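> Got a file for you: final.cif, mmCIF, C-alpha atoms.
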```
data_query
loop_
_atom_site.group_PDB
_atom_site.id
_atom_site.type_symbol
_atom_site.label_atom_id
_atom_site.label_comp_id
_atom_site.auth_asym_id
_atom_site.auth_seq_id
_atom_site.Cartn_x
_atom_site.Cartn_y
_atom_site.Cartn_z
ATOM 1 C CA MET A 1 13.090 1.250 -13.447
ATOM 2 C CA ALA A 2 12.032 0.909 -9.782
ATOM 3 C CA SER A 3 13.523 -2.568 -9.467
ATOM 4 C CA GLU A 4 16.837 -1.186 -10.782
ATOM 5 C CA ASP A 5 17.005 1.984 -8.668
ATOM 6 C CA VAL A 6 15.172 2.605 -5.394
ATOM 7 C CA ARG A 7 14.794 6.300 -6.284
ATOM 8 C CA HIS A 8 12.203 5.275 -8.873
ATOM 9 C CA GLU A 9 9.937 3.633 -6.289
ATOM 10 C CA ARG A 10 8.198 6.970 -5.774
ATOM 11 C CA THR A 11 7.549 7.200 -9.526
ATOM 12 C CA LEU A 12 6.144 3.659 -9.614
ATOM 13 C CA PHE A 13 3.931 4.502 -6.646
ATOM 14 C CA ILE A 14 2.585 7.638 -8.373
ATOM 15 C CA LEU A 15 1.887 5.778 -11.607
ATOM 16 C CA ALA A 16 0.181 2.876 -9.811
ATOM 17 C CA THR A 17 -1.871 5.245 -7.662
ATOM 18 C CA VAL A 18 -3.141 7.267 -10.630
ATOM 19 C CA TYR A 19 -3.943 4.063 -12.535
ATOM 20 C CA ALA A 20 -5.598 2.147 -9.679
ATOM 21 C CA MET A 21 -7.778 4.989 -8.402
ATOM 22 C CA TYR A 22 -8.328 7.075 -11.564
ATOM 23 C CA LEU A 23 -6.712 10.109 -9.936
ATOM 24 C CA ASN A 24 -5.826 13.461 -11.437
ATOM 25 C CA VAL A 25 -2.297 14.731 -10.867
ATOM 26 C CA SER A 26 -3.783 17.475 -8.665
ATOM 27 C CA ASP A 27 -5.084 14.787 -6.281
ATOM 28 C CA LEU A 28 -1.505 13.815 -5.411
ATOM 29 C CA SER A 29 0.125 17.230 -5.517
ATOM 30 C CA GLY A 30 0.360 19.831 -2.821
ATOM 31 C CA THR A 31 2.808 21.334 -0.393
ATOM 32 C CA GLY A 32 2.495 22.528 3.184
ATOM 33 C CA ARG A 33 -0.925 21.767 4.620
ATOM 34 C CA ASP A 34 -2.137 20.684 1.179
ATOM 35 C CA ALA A 35 0.461 17.906 0.943
ATOM 36 C CA PRO A 36 -1.307 14.533 1.047
ATOM 37 C CA ALA A 37 -0.234 12.341 3.976
ATOM 38 C CA MET A 38 -0.299 8.620 4.655
ATOM 39 C CA LYS A 39 -3.127 9.192 7.167
ATOM 40 C CA ASP A 40 -5.298 10.144 4.184
ATOM 41 C CA PHE A 41 -5.593 6.400 3.532
ATOM 42 C CA ARG A 42 -8.282 5.144 5.916
ATOM 43 C CA ARG A 43 -10.252 1.971 6.470
ATOM 44 C CA ASP A 44 -13.995 2.271 7.029
ATOM 45 C CA ALA A 45 -16.219 0.171 9.315
ATOM 46 C CA ALA A 46 -16.764 -2.356 6.503
ATOM 47 C CA GLY A 47 -13.006 -2.864 6.127
ATOM 48 C CA LEU A 48 -12.746 -1.006 2.810
ATOM 49 C CA TRP A 49 -9.841 1.385 2.278
ATOM 50 C CA TRP A 50 -10.268 4.910 0.932
ATOM 51 C CA LEU A 51 -7.944 7.737 -0.011
ATOM 52 C CA TYR A 52 -9.334 10.995 1.355
ATOM 53 C CA LEU A 53 -8.541 13.944 -0.907
ATOM 54 C CA ARG A 54 -8.026 17.379 0.636
ATOM 55 C CA LYS A 55 -7.380 20.872 -0.688
ATOM 56 C CA GLY A 56 -6.896 23.924 1.470
ATOM 57 C CA GLY A 57 -7.079 21.698 4.527
ATOM 58 C CA ARG A 58 -10.661 20.686 3.653
ATOM 59 C CA LEU A 59 -11.939 17.263 2.636
ATOM 60 C CA ILE A 60 -13.103 17.433 -0.969
ATOM 61 C CA ASP A 61 -13.660 13.762 -1.791
ATOM 62 C CA ARG A 62 -12.711 10.175 -1.112
ATOM 63 C CA VAL A 63 -11.662 7.504 -3.588
ATOM 64 C CA ARG A 64 -11.810 3.745 -3.080
ATOM 65 C CA ALA A 65 -8.369 2.122 -2.808
ATOM 66 C CA PRO A 66 -8.503 -1.391 -4.322
ATOM 67 C CA GLN A 67 -7.138 -4.182 -2.144
ATOM 68 C CA GLU A 68 -4.693 -5.332 -4.833
ATOM 69 C CA TYR A 69 -3.245 -1.815 -4.999
ATOM 70 C CA LEU A 70 -2.860 -1.729 -1.195
ATOM 71 C CA ASP A 71 -1.230 -5.161 -1.063
ATOM 72 C CA VAL A 72 1.176 -4.569 -3.931
ATOM 73 C CA TYR A 73 1.960 -0.906 -4.514
ATOM 74 C CA LEU A 74 1.183 0.912 -1.278
ATOM 75 C CA ALA A 75 2.862 -1.811 0.798
ATOM 76 C CA ARG A 76 5.912 -1.829 -1.513
ATOM 77 C CA TYR A 77 6.290 1.952 -1.372
ATOM 78 C CA ARG A 78 5.875 2.003 2.400
ATOM 79 C CA ARG A 79 8.544 -0.704 2.784
ATOM 80 C CA ILE A 80 11.007 1.587 0.990
ATOM 81 C CA LEU A 81 10.082 4.298 3.509
ATOM 82 C CA ASN A 82 10.630 1.822 6.401
ATOM 83 C CA LEU A 83 6.946 1.887 7.321
ATOM 84 C CA PRO A 84 4.526 -0.982 8.012
ATOM 85 C CA PRO A 85 2.470 -2.142 4.992
ATOM 86 C CA LEU A 86 -0.648 -0.109 5.836
ATOM 87 C CA PRO A 87 -0.946 3.359 7.384
ATOM 88 C CA SER A 88 -2.599 4.287 10.661
ATOM 89 C CA ASP A 89 -5.215 7.029 11.080
ATOM 90 C CA ASP A 90 -2.780 9.384 12.773
ATOM 91 C CA GLU A 91 0.256 8.825 10.538
ATOM 92 C CA ALA A 92 1.509 12.260 9.520
ATOM 93 C CA VAL A 93 4.163 10.942 7.098
ATOM 94 C CA PRO A 94 3.801 12.794 3.758
ATOM 95 C CA LEU A 95 2.522 10.690 0.882
ATOM 96 C CA LEU A 96 5.186 12.141 -1.416
ATOM 97 C CA CYS A 97 8.425 13.991 -0.683
ATOM 98 C CA THR A 98 11.245 15.411 -2.718
ATOM 99 C CA LEU A 99 14.466 13.386 -2.701
ATOM 100 C CA ARG A 100 15.779 15.896 -0.166
ATOM 101 C CA GLY A 101 12.844 15.160 2.132
ATOM 102 C CA ARG A 102 10.633 18.214 1.647
ATOM 103 C CA PRO A 103 6.970 17.138 2.024
ATOM 104 C CA GLY A 104 4.722 17.364 -1.009
ATOM 105 C CA LEU A 105 5.294 17.681 -4.741
ATOM 106 C CA SER A 106 3.923 20.167 -7.259
ATOM 107 C CA ASP A 107 1.927 19.106 -10.331
ATOM 108 C CA HIS A 108 4.938 20.063 -12.449
ATOM 109 C CA HIS A 109 7.311 17.953 -10.334
ATOM 110 C CA ILE A 110 5.021 14.905 -10.554
ATOM 111 C CA ARG A 111 4.706 15.223 -14.334
ATOM 112 C CA GLY A 112 8.490 15.586 -14.576
ATOM 113 C CA LEU A 113 8.980 12.330 -12.672
ATOM 114 C CA LEU A 114 6.776 10.425 -15.108
ATOM 115 C CA GLN A 115 8.193 11.815 -18.366
ATOM 116 C CA PRO A 116 11.318 9.575 -18.282
ATOM 117 C CA VAL A 117 9.020 6.547 -17.892
ATOM 118 C CA PHE A 118 7.158 7.486 -21.062
ATOM 119 C CA ASP A 119 10.444 8.245 -22.850
ATOM 120 C CA LEU A 120 11.880 4.840 -21.918
ATOM 121 C CA ALA A 121 8.677 3.139 -23.066
ATOM 122 C CA LEU A 122 9.032 4.856 -26.461
ATOM 123 C CA VAL A 123 12.612 3.589 -26.823
ATOM 124 C CA ARG A 124 11.572 0.051 -25.912
ATOM 125 C CA MET A 125 8.612 0.135 -28.271
ATOM 126 C CA ARG A 126 10.918 1.044 -31.157
ATOM 127 C CA GLN A 127 13.383 -1.686 -30.149
ATOM 128 C CA ASP A 128 10.541 -4.208 -30.020
ATOM 129 C CA GLY A 129 9.365 -3.295 -33.518
ATOM 130 C CA TRP A 130 6.127 -1.453 -32.740
ATOM 131 C CA SER A 131 4.732 0.581 -35.638
ATOM 132 C CA GLU A 132 5.444 4.306 -35.814
ATOM 133 C CA MET A 133 1.707 4.966 -35.433
ATOM 134 C CA GLU A 134 1.665 3.050 -32.124
ATOM 135 C CA VAL A 135 4.788 4.864 -30.953
ATOM 136 C CA ASP A 136 3.163 8.208 -31.844
ATOM 137 C CA GLN A 137 0.134 7.337 -29.718
ATOM 138 C CA LEU A 138 2.348 6.862 -26.671
ATOM 139 C CA ARG A 139 4.349 9.997 -27.453
ATOM 140 C CA SER A 140 1.384 12.097 -26.332
ATOM 141 C CA ALA A 141 0.951 10.106 -23.106
ATOM 142 C CA SER A 142 0.407 11.925 -19.827
ATOM 143 C CA LEU A 143 -0.901 11.152 -16.366
ATOM 144 C CA GLN A 144 -4.360 12.128 -17.640
ATOM 145 C CA TRP A 145 -3.917 9.552 -20.418
ATOM 146 C CA ILE A 146 -3.035 6.931 -17.768
ATOM 147 C CA ARG A 147 -6.199 7.819 -15.827
ATOM 148 C CA ASN A 148 -8.348 7.691 -18.974
ATOM 149 C CA THR A 149 -6.828 4.400 -20.134
ATOM 150 C CA SER A 150 -7.399 2.815 -16.746
ATOM 151 C CA ALA A 151 -11.022 3.957 -16.732
ATOM 152 C CA ARG A 152 -11.615 2.633 -20.253
ATOM 153 C CA LEU A 153 -10.152 -0.745 -19.328
ATOM 154 C CA ALA A 154 -12.267 -0.919 -16.159
ATOM 155 C CA SER A 155 -15.514 0.275 -17.769
ATOM 156 C CA PRO A 156 -16.710 -3.164 -18.967
ATOM 157 C CA ASN A 157 -16.573 -4.388 -15.345
ATOM 158 C CA LEU A 158 -18.311 -1.388 -13.745
ATOM 159 C CA ASN A 159 -21.811 -0.036 -14.109
ATOM 160 C CA VAL A 160 -22.195 3.616 -15.064
ATOM 161 C CA LEU A 161 -22.796 4.777 -11.479
ATOM 162 C CA GLU A 162 -19.683 2.986 -10.211
ATOM 163 C CA LEU A 163 -17.601 4.498 -13.005
ATOM 164 C CA GLN A 164 -19.008 7.983 -12.333
ATOM 165 C CA ALA A 165 -18.201 7.651 -8.632
ATOM 166 C CA ALA A 166 -14.690 6.332 -9.275
ATOM 167 C CA LEU A 167 -13.861 9.099 -11.757
ATOM 168 C CA ARG A 168 -15.742 11.792 -9.820
ATOM 169 C CA ILE A 169 -17.383 13.077 -13.003
ATOM 170 C CA ARG A 170 -20.901 13.114 -14.464
ATOM 171 C CA ASP A 171 -20.307 12.196 -18.102
ATOM 172 C CA VAL A 172 -18.612 8.818 -18.570
ATOM 173 C CA ILE A 173 -19.482 8.265 -22.238
ATOM 174 C CA ARG A 174 -15.883 8.665 -23.424
ATOM 175 C CA TYR A 175 -14.755 5.942 -20.992
ATOM 176 C CA THR A 176 -17.258 3.309 -22.063
ATOM 177 C CA ALA A 177 -16.601 0.835 -24.835
ATOM 178 C CA THR A 178 -19.729 1.665 -26.816
ATOM 179 C CA VAL A 179 -21.595 4.879 -27.467
ATOM 180 C CA PRO A 180 -25.393 4.691 -27.154
ATOM 181 C CA ASN A 181 -27.375 5.054 -30.359
ATOM 182 C CA GLU A 182 -28.948 8.534 -30.291
ATOM 183 C CA GLU A 183 -31.826 7.430 -32.552
ATOM 184 C CA SER A 184 -32.942 4.806 -30.021
ATOM 185 C CA ASP A 185 -33.417 7.552 -27.403
ATOM 186 C CA SER A 186 -36.214 9.246 -29.387
#
```
So that I can check it, write out the structure of this file as structure tokens.


Amino acid sequence: MASEDVRHERTLFILATVYAMYLNVSDLSGTGRDAPAMKDFRRDAAGLWWLYLRKGGRLIDRVRAPQEYLDVYLARYRRILNLPPLPSDDEAVPLLCTLRGRPGLSDHHIRGLLQPVFDLALVRMRQDGWSEMEVDQLRSASLQWIRNTSARLASPNLNVLELQAALRIRDVIRYTATVPNEESDS
């Protein structure tokens, strides 16, 4: 969709950002002072990039931004906005804007942008001969499903502490490939 219409670049960026950093939709939403800005991407002393998450003007967390994501998706999105590939610490450009230029998007607006992507995927799955059961599984897809799927796919390559930190949660059992045997704990 994004390669066919530049207006979909924002949608691709949202999808890639949620997938690459295991974000919740609320991490990207906000208006006014809660609207995430490009300056929320920052490089630390070790050269690693992080997305700093804020609510109510306060820092609530930071999430590691993978280099591949920066090189491909952030740089692509910023090119569309006529910005250099990586942001500076003082760059006040909003991370997301409405098509009319208002800074920030609501949770509802973000979900509405992604629904046509899921709908198109359903059409293509049917055209490609996927089973109705597989189509039904995608029918219930959401941004939370994208986050969960990404975490499940990454879990074999991360230890439990890394996965907990990336997801910003305590219990990661549902994201791991195997469930520990309860009898072996006794």

> Pick out the residues sitting within 12 Å of Asp89 of chain A, and hand them over as JSON, numbers by chain; count all atoms listed in the file, and ignore anything fewer than 5 positions along from it in its own chain.

{"A": [37, 38, 39, 40, 41, 42, 43, 44, 49, 50, 51, 52]}

> From the options A:Leu163, A:Ser150, A:Arg10, A:Phe118, which residue's atoms come nearest to Gln137 of chain A, counting all atoms listed in the file?

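Closest residue, counting all atoms listed in the file: A:Phe118.
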
> Carefully work through the PyMOL selection byres ((chain A and resi 100-108) around 8) for this structure and note down the residues it includes, as a list in words.

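When the PyMOL selection byres ((chain A and resi 100-108) around 8) is applied, the selected residues are Val25, Ser26, Leu28, Ser29, Gly30, Thr31, Gly32, Asp34, Ala35, Pro36, Pro94, Leu95, Leu96, Cys97, Thr98, Leu99, His109, Ile110, Arg111 and Gly112 of chain A.
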
> Please provide the set of residues having any atom within 9 Å of segment 65-70 of chain A, restricted to all atoms listed in the file, with same-chain residues fewer than 3 positions apart removed, written as a PyMOL selection string.

chain A and resi 16-17+20-21+41+48-51+73-76+85-86

> Interatomic distance between atom CA of Val93 of chain A and atom CA of Leu53 of chain A?

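Atom CA of Leu53 of chain A lies 15.3 Å from atom CA of Val93 of chain A.
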
> Extending 3 Å beyond the listed atoms of segment 102-115 of chain A on each side, what axis-aligned box results? I want centre and edge lengths in Å to one decimal, as JSON.


```
{"center_x": 6.3, "center_y": 15.3, "center_z": -8.2, "size_x": 14.7, "size_y": 15.7, "size_z": 26.4}
```

> If you measure from atom CA of Arg168 of chain A to atom CA of Ile60 of chain A, what distance in Å do you get, rounded to one decimal?

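These atoms are spaced 10.8 Å apart.
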
> So what do you get for atom CA of Leu153 of chain A versus atom CA of Leu15 of chain A, distance-wise?

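Atom CA of Leu15 of chain A lies at a distance of 15.7 Å from atom CA of Leu153 of chain A.
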
> For Arg139 of chain A, work out the shell of residues within 9 Å, counting all atoms listed in the file and skipping chain neighbours fewer than 3 positions away, then give it as a PyMOL selection string.

chain A and resi 118-119+122+134-136+142

> With all atoms listed in the file as the basis for distance, which of A:Leu23, A:Met125, A:Ile14, A:Leu158 is at the shortest distance from Gln144 of chain A?

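Closest residue, counting all atoms listed in the file: A:Leu23.
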
> Using only C-alpha atoms, pick whichever of A:Ile80, A:Val6, A:Ala45, A:Leu12 has the shortest atom-to-atom distance to Pro116 of chain A.

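Closest to Pro116 of chain A of all the choices is A:Leu12.
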
> I'd like to know which of A:Asn82, A:Arg62, A:Ser140, A:Tyr22 is closest to Ser155 of chain A, using all atoms listed in the file.

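Result for the nearest residue to Ser155 of chain A: A:Tyr22.
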